[in-house]
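Report on one structure; see the data block that follows.
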Amino acid sequence: MRFKDKVVLVLGGNSGIGLAAAKAFAAEGALVHFTGRSWRTIEEAQNAIPGSTGYQSDIADPAATEDLIARVEAADGRIDVLYINAGVGGFAPLREITEDGWDHIHEINLRGCVFALQKALRIMGRGSSVVVTGSIGAHGALEGNGAYAAAKAGLYMAMKVFAKELVGEGIRVNVVSPGPIDTPLLHRNPGMSEADVARLKEMMIANIPMHRMGESEDVAKAVLFLASDDAAFITGANLFVDGGLIELR
Ligand SMILES: NC(=O)c1ccc[n+]([C@@H]2O[C@H](COP(=O)([O-])OP(=O)(O)OC[C@H]3O[C@@H](n4cnc5c(N)ncnc54)[C@H](OP(=O)(O)O)[C@@H]3O)[C@@H](O)[C@H]2O)c1
């Protein structure tokens, strides 16, 4: 019960990794607030996580995030743990990247995440902590992954800077960088058929030293560790949860 009576906000908590983390926070006593875009899966998640509150809120829109923070404040007064997890994928090689495609990924995965932290800080105090979902995509070159890799690399570096800015205020900021995790994200790549996804998974598994895809719960466990007082002396860190893919190259 590391999060008993702690107020936890998961941005992107109605699917995949964020949903697993929201469930795990609640199981350890947290008052869980979470967001997403799809109302159907927000409702499903709310039913699956007793006592939780789901909000439809687009992280790409900082004004919507500001409104969300005010609603969390009205309900519980503060945020003890902010988990910034919302993200989208999208493969396109350099010659095929469109300006709209680039902007879409960056508005969600980088710009929106940065302003979410800025807005939430207003109700975060000493002893609170922030965890952000990065990606191994920011640490290795994968063809077609330019827009996503650049956004996650930017996010990683921005969060290191913010960790330094906030250390004196007693707020820790850490990044968890998943490798290939079996979530709905893999099935949301525009232009990829189910057969393409199956081939991509096989290729990924062949390259992972542990020879399996990760599960959302593998990442959630790392998120809870970094968010908890067990990690009280850790800030500005990046934790790979990738079956050894990056560190054992
Ligand atoms: N799966 C992997 O292999 C992998 C690897 C490395 C990093 N990651 C990162 O892990 C994070 C979670 O991804 P996942 O794999 O769990 O995929 P997922 O199941 O697609 O979950 C993505 C989450 O982000 C939310 N989201 C997306 N755009 C949003 C927006 N504009 N505003 C608010 N919420 C938004 C989604 O809500 P809706 O469903 O309502 O849109 C959903 O809750 C992402 O940041 C992703 O980049 C994943």
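Residues in the structure tokens are named by chain (A, B, ... in the order shown) and by number from 1 within that chain; ligands are numbered from 1 in the order shown.
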
Long-range neighbours of Ala60 in chain A as a PyMOL selection string, 7 Å cut-off, only C-alpha atoms, 2 positions minimum in chain: chain A and resi 58+62+107-108+112

Nearby residues (only C-alpha atoms) at most 10 Å from Ser135 in chain A, same-chain spacing under 5 positions excluded, as a PyMOL selection string: chain A and resi 140+148-149+151-153+155-156+175-180+238-242

Can I get the residues of chain A within 6 Å of ligand 1, each with the closest pair of atoms and their distance in Å to one decimal, using only C-alpha atoms and all ligand atoms, sorted chain first then ascending number, as a tab-separated table?
```
residue	atom	partner	partner_atom_place_in_ligand_line	distance
A:Gly12	CA	ligand 1	43 (O)	3.5
A:Gly13	CA	ligand 1	43 (O)	4.6
A:Asn14	CA	ligand 1	43 (O)	4.3
A:Ser15	CA	ligand 1	19 (O)	4.2
A:Gly16	CA	ligand 1	16 (O)	3.4
A:Ile17	CA	ligand 1	16 (O)	3.8
A:Gly18	CA	ligand 1	16 (O)	5.7
A:Gly36	CA	ligand 1	40 (O)	3.9
A:Arg37	CA	ligand 1	40 (O)	3.4
A:Ser38	CA	ligand 1	40 (O)	3.7
A:Ser57	CA	ligand 1	33 (C)	5.6
A:Asp58	CA	ligand 1	32 (N)	3.5
A:Ile59	CA	ligand 1	32 (N)	3.9
A:Ala60	CA	ligand 1	31 (N)	5.1
A:Asn85	CA	ligand 1	45 (O)	4.8
A:Ala86	CA	ligand 1	24 (O)	3.4
A:Gly87	CA	ligand 1	45 (O)	3.4
A:Val88	CA	ligand 1	27 (C)	5.3
A:Ile108	CA	ligand 1	31 (N)	5.2
A:Thr133	CA	ligand 1	45 (O)	5.3
A:Gly134	CA	ligand 1	7 (C)	5.8
A:Ser135	CA	ligand 1	6 (C)	4.0
A:Pro178	CA	ligand 1	6 (C)	4.3
A:Gly179	CA	ligand 1	5 (C)	4.9
A:Pro180	CA	ligand 1	3 (O)	3.7
A:Ile181	CA	ligand 1	3 (O)	3.7
A:Asp182	CA	ligand 1	1 (N)	5.7
A:Thr183	CA	ligand 1	15 (O)	4.8
A:Pro184	CA	ligand 1	19 (O)	4.3
A:Leu185	CA	ligand 1	20 (O)	3.6
```

Expected answer as a PyMOL selection string: strand (DSSP E or B) residues in range 7-233 of chain A: chain A and resi 7-11+31-36+53-56+81-84+129-133+172-178+181+214

Please, could you write that set of residues out with N, CA and C atoms as a compact mmCIF listing (two decimals), in the first residue's frame?
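The result, stored in selection_14.txt:
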```
# COMPACT_ATOMS: atom_id res chain seq x y z
N VAL A 7 -2.91 11.10 -4.06
CA VAL A 7 -3.68 11.50 -5.24
C VAL A 7 -2.80 11.30 -6.47
N VAL A 8 -3.24 10.42 -7.35
CA VAL A 8 -2.45 10.06 -8.53
C VAL A 8 -3.22 10.46 -9.79
N LEU A 9 -2.56 11.16 -10.68
CA LEU A 9 -3.17 11.50 -11.98
C LEU A 9 -2.37 10.81 -13.08
N VAL A 10 -3.07 9.96 -13.84
CA VAL A 10 -2.44 9.25 -14.97
C VAL A 10 -2.97 9.87 -16.25
N LEU A 11 -2.11 10.49 -17.03
CA LEU A 11 -2.53 11.07 -18.30
C LEU A 11 -2.36 10.00 -19.37
N LEU A 31 -5.87 7.33 -4.69
CA LEU A 31 -7.07 7.95 -5.26
C LEU A 31 -6.70 8.27 -6.71
N VAL A 32 -7.23 7.49 -7.64
CA VAL A 32 -6.75 7.56 -9.02
C VAL A 32 -7.66 8.43 -9.89
N HIS A 33 -7.03 9.40 -10.55
CA HIS A 33 -7.69 10.17 -11.61
C HIS A 33 -6.95 9.82 -12.90
N PHE A 34 -7.66 9.68 -14.00
CA PHE A 34 -6.97 9.35 -15.25
C PHE A 34 -7.68 9.97 -16.45
N THR A 35 -6.93 10.12 -17.53
CA THR A 35 -7.51 10.71 -18.75
C THR A 35 -7.36 9.77 -19.93
N GLY A 36 -8.03 10.15 -20.99
CA GLY A 36 -7.90 9.51 -22.29
C GLY A 36 -8.73 10.31 -23.27
N THR A 53 -11.62 8.14 -11.08
CA THR A 53 -12.36 9.12 -11.87
C THR A 53 -11.67 9.29 -13.22
N GLY A 54 -12.44 9.10 -14.28
CA GLY A 54 -11.88 9.26 -15.63
C GLY A 54 -12.36 10.56 -16.26
N TYR A 55 -11.49 11.16 -17.08
CA TYR A 55 -11.81 12.42 -17.74
C TYR A 55 -11.45 12.29 -19.22
N GLN A 56 -12.29 12.87 -20.07
CA GLN A 56 -11.94 12.96 -21.48
C GLN A 56 -11.17 14.26 -21.65
N VAL A 81 1.22 12.22 -7.24
CA VAL A 81 1.96 11.53 -8.30
C VAL A 81 1.33 11.89 -9.65
N LEU A 82 2.17 12.41 -10.53
CA LEU A 82 1.72 12.69 -11.90
C LEU A 82 2.41 11.70 -12.83
N TYR A 83 1.62 10.89 -13.52
CA TYR A 83 2.20 9.96 -14.50
C TYR A 83 1.78 10.41 -15.90
N ILE A 84 2.75 10.96 -16.62
CA ILE A 84 2.48 11.46 -17.98
C ILE A 84 2.82 10.34 -18.96
N SER A 129 5.93 13.39 -6.93
CA SER A 129 6.84 12.90 -7.97
C SER A 129 6.14 12.77 -9.31
N VAL A 130 6.98 12.81 -10.33
CA VAL A 130 6.51 12.77 -11.71
C VAL A 130 7.20 11.61 -12.41
N VAL A 131 6.43 10.82 -13.14
CA VAL A 131 7.01 9.78 -14.00
C VAL A 131 6.48 10.03 -15.41
N VAL A 132 7.36 9.87 -16.38
CA VAL A 132 7.00 10.16 -17.77
C VAL A 132 7.35 8.94 -18.62
N THR A 133 6.46 8.57 -19.53
CA THR A 133 6.78 7.45 -20.42
C THR A 133 7.57 7.96 -21.62
N ARG A 172 10.48 15.05 -7.55
CA ARG A 172 11.33 14.18 -8.37
C ARG A 172 10.68 13.97 -9.75
N VAL A 173 11.52 13.88 -10.79
CA VAL A 173 11.03 13.65 -12.15
C VAL A 173 11.87 12.53 -12.79
N ASN A 174 11.23 11.44 -13.17
CA ASN A 174 11.95 10.32 -13.79
C ASN A 174 11.22 9.82 -15.04
N VAL A 175 12.00 9.18 -15.89
CA VAL A 175 11.46 8.66 -17.15
C VAL A 175 11.55 7.14 -17.15
N VAL A 176 10.49 6.49 -17.63
CA VAL A 176 10.55 5.05 -17.86
C VAL A 176 10.50 4.85 -19.38
N SER A 177 11.43 4.07 -19.90
CA SER A 177 11.50 3.91 -21.36
C SER A 177 11.20 2.47 -21.76
N PRO A 178 9.96 2.20 -22.17
CA PRO A 178 9.60 0.84 -22.55
C PRO A 178 10.23 0.43 -23.88
N ILE A 181 6.21 -3.40 -26.18
CA ILE A 181 5.21 -3.85 -25.20
C ILE A 181 3.92 -4.17 -25.98
N GLY A 214 7.20 -7.28 -24.03
CA GLY A 214 6.86 -6.92 -22.66
C GLY A 214 5.35 -6.83 -22.50
```

Residue nearest Ala147 in chain A - candidates A:Asn207, A:Ser216, A:Gln46, A:Asn109, atoms counted: only C-alpha atoms: A:Asn109

Residue neighbourhood range 23-25 of chain A, 7 Å, only C-alpha atoms, exclusion window fewer than 5 positions, as a list in words: Phe3, Ala30 and Ile49 of chain A

Can you write out the residues you just picked, keeping N, CA and C atoms, as a compact mmCIF listing (two decimals), in the first residue's frame?
```txt
# COMPACT_ATOMS: atom_id res chain seq x y z
N PHE A 3 0.81 3.72 -1.89
CA PHE A 3 0.15 4.96 -2.33
C PHE A 3 -1.14 5.23 -1.56
N ALA A 30 -4.20 4.20 -3.87
CA ALA A 30 -4.25 5.57 -4.39
C ALA A 30 -5.66 6.01 -4.76
N ILE A 49 -11.70 0.07 -12.24
CA ILE A 49 -10.88 0.61 -11.14
C ILE A 49 -11.82 1.28 -10.15
```

Surrounding residues of Ala150 in chain A excluding itself and chain neighbours under 5 positions, 10 Å, only C-alpha atoms, as a PyMOL selection string: chain A and resi 102+105-106+109-110+137-139+145+155-156

Just write the chosen residues, C-alpha atoms, as a short mmCIF file (atom, residue, chain, number, x, y, z; two decimals), in the first residue's frame.
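After the write, out-v3.cif holds the following:
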```
data_model
loop_
_atom_site.label_atom_id
_atom_site.label_comp_id
_atom_site.auth_asym_id
_atom_site.auth_seq_id
_atom_site.Cartn_x
_atom_site.Cartn_y
_atom_site.Cartn_z
CA TRP A 102 4.99 15.31 -37.66
CA ILE A 105 2.99 13.23 -32.98
CA HIS A 106 4.90 16.17 -31.50
CA ASN A 109 4.16 13.16 -27.33
CA LEU A 110 6.26 16.26 -26.60
CA GLY A 137 12.83 4.78 -29.75
CA ALA A 138 14.71 7.80 -28.38
CA HIS A 139 17.86 5.71 -27.85
CA ASN A 145 10.59 6.17 -36.66
CA LEU A 155 10.70 14.61 -24.03
CA TYR A 156 13.54 12.69 -22.38
#
```

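Taking CA of Ala45 in chain A as the reference point, CA of Val223 in chain A is found at 18.5 Å.
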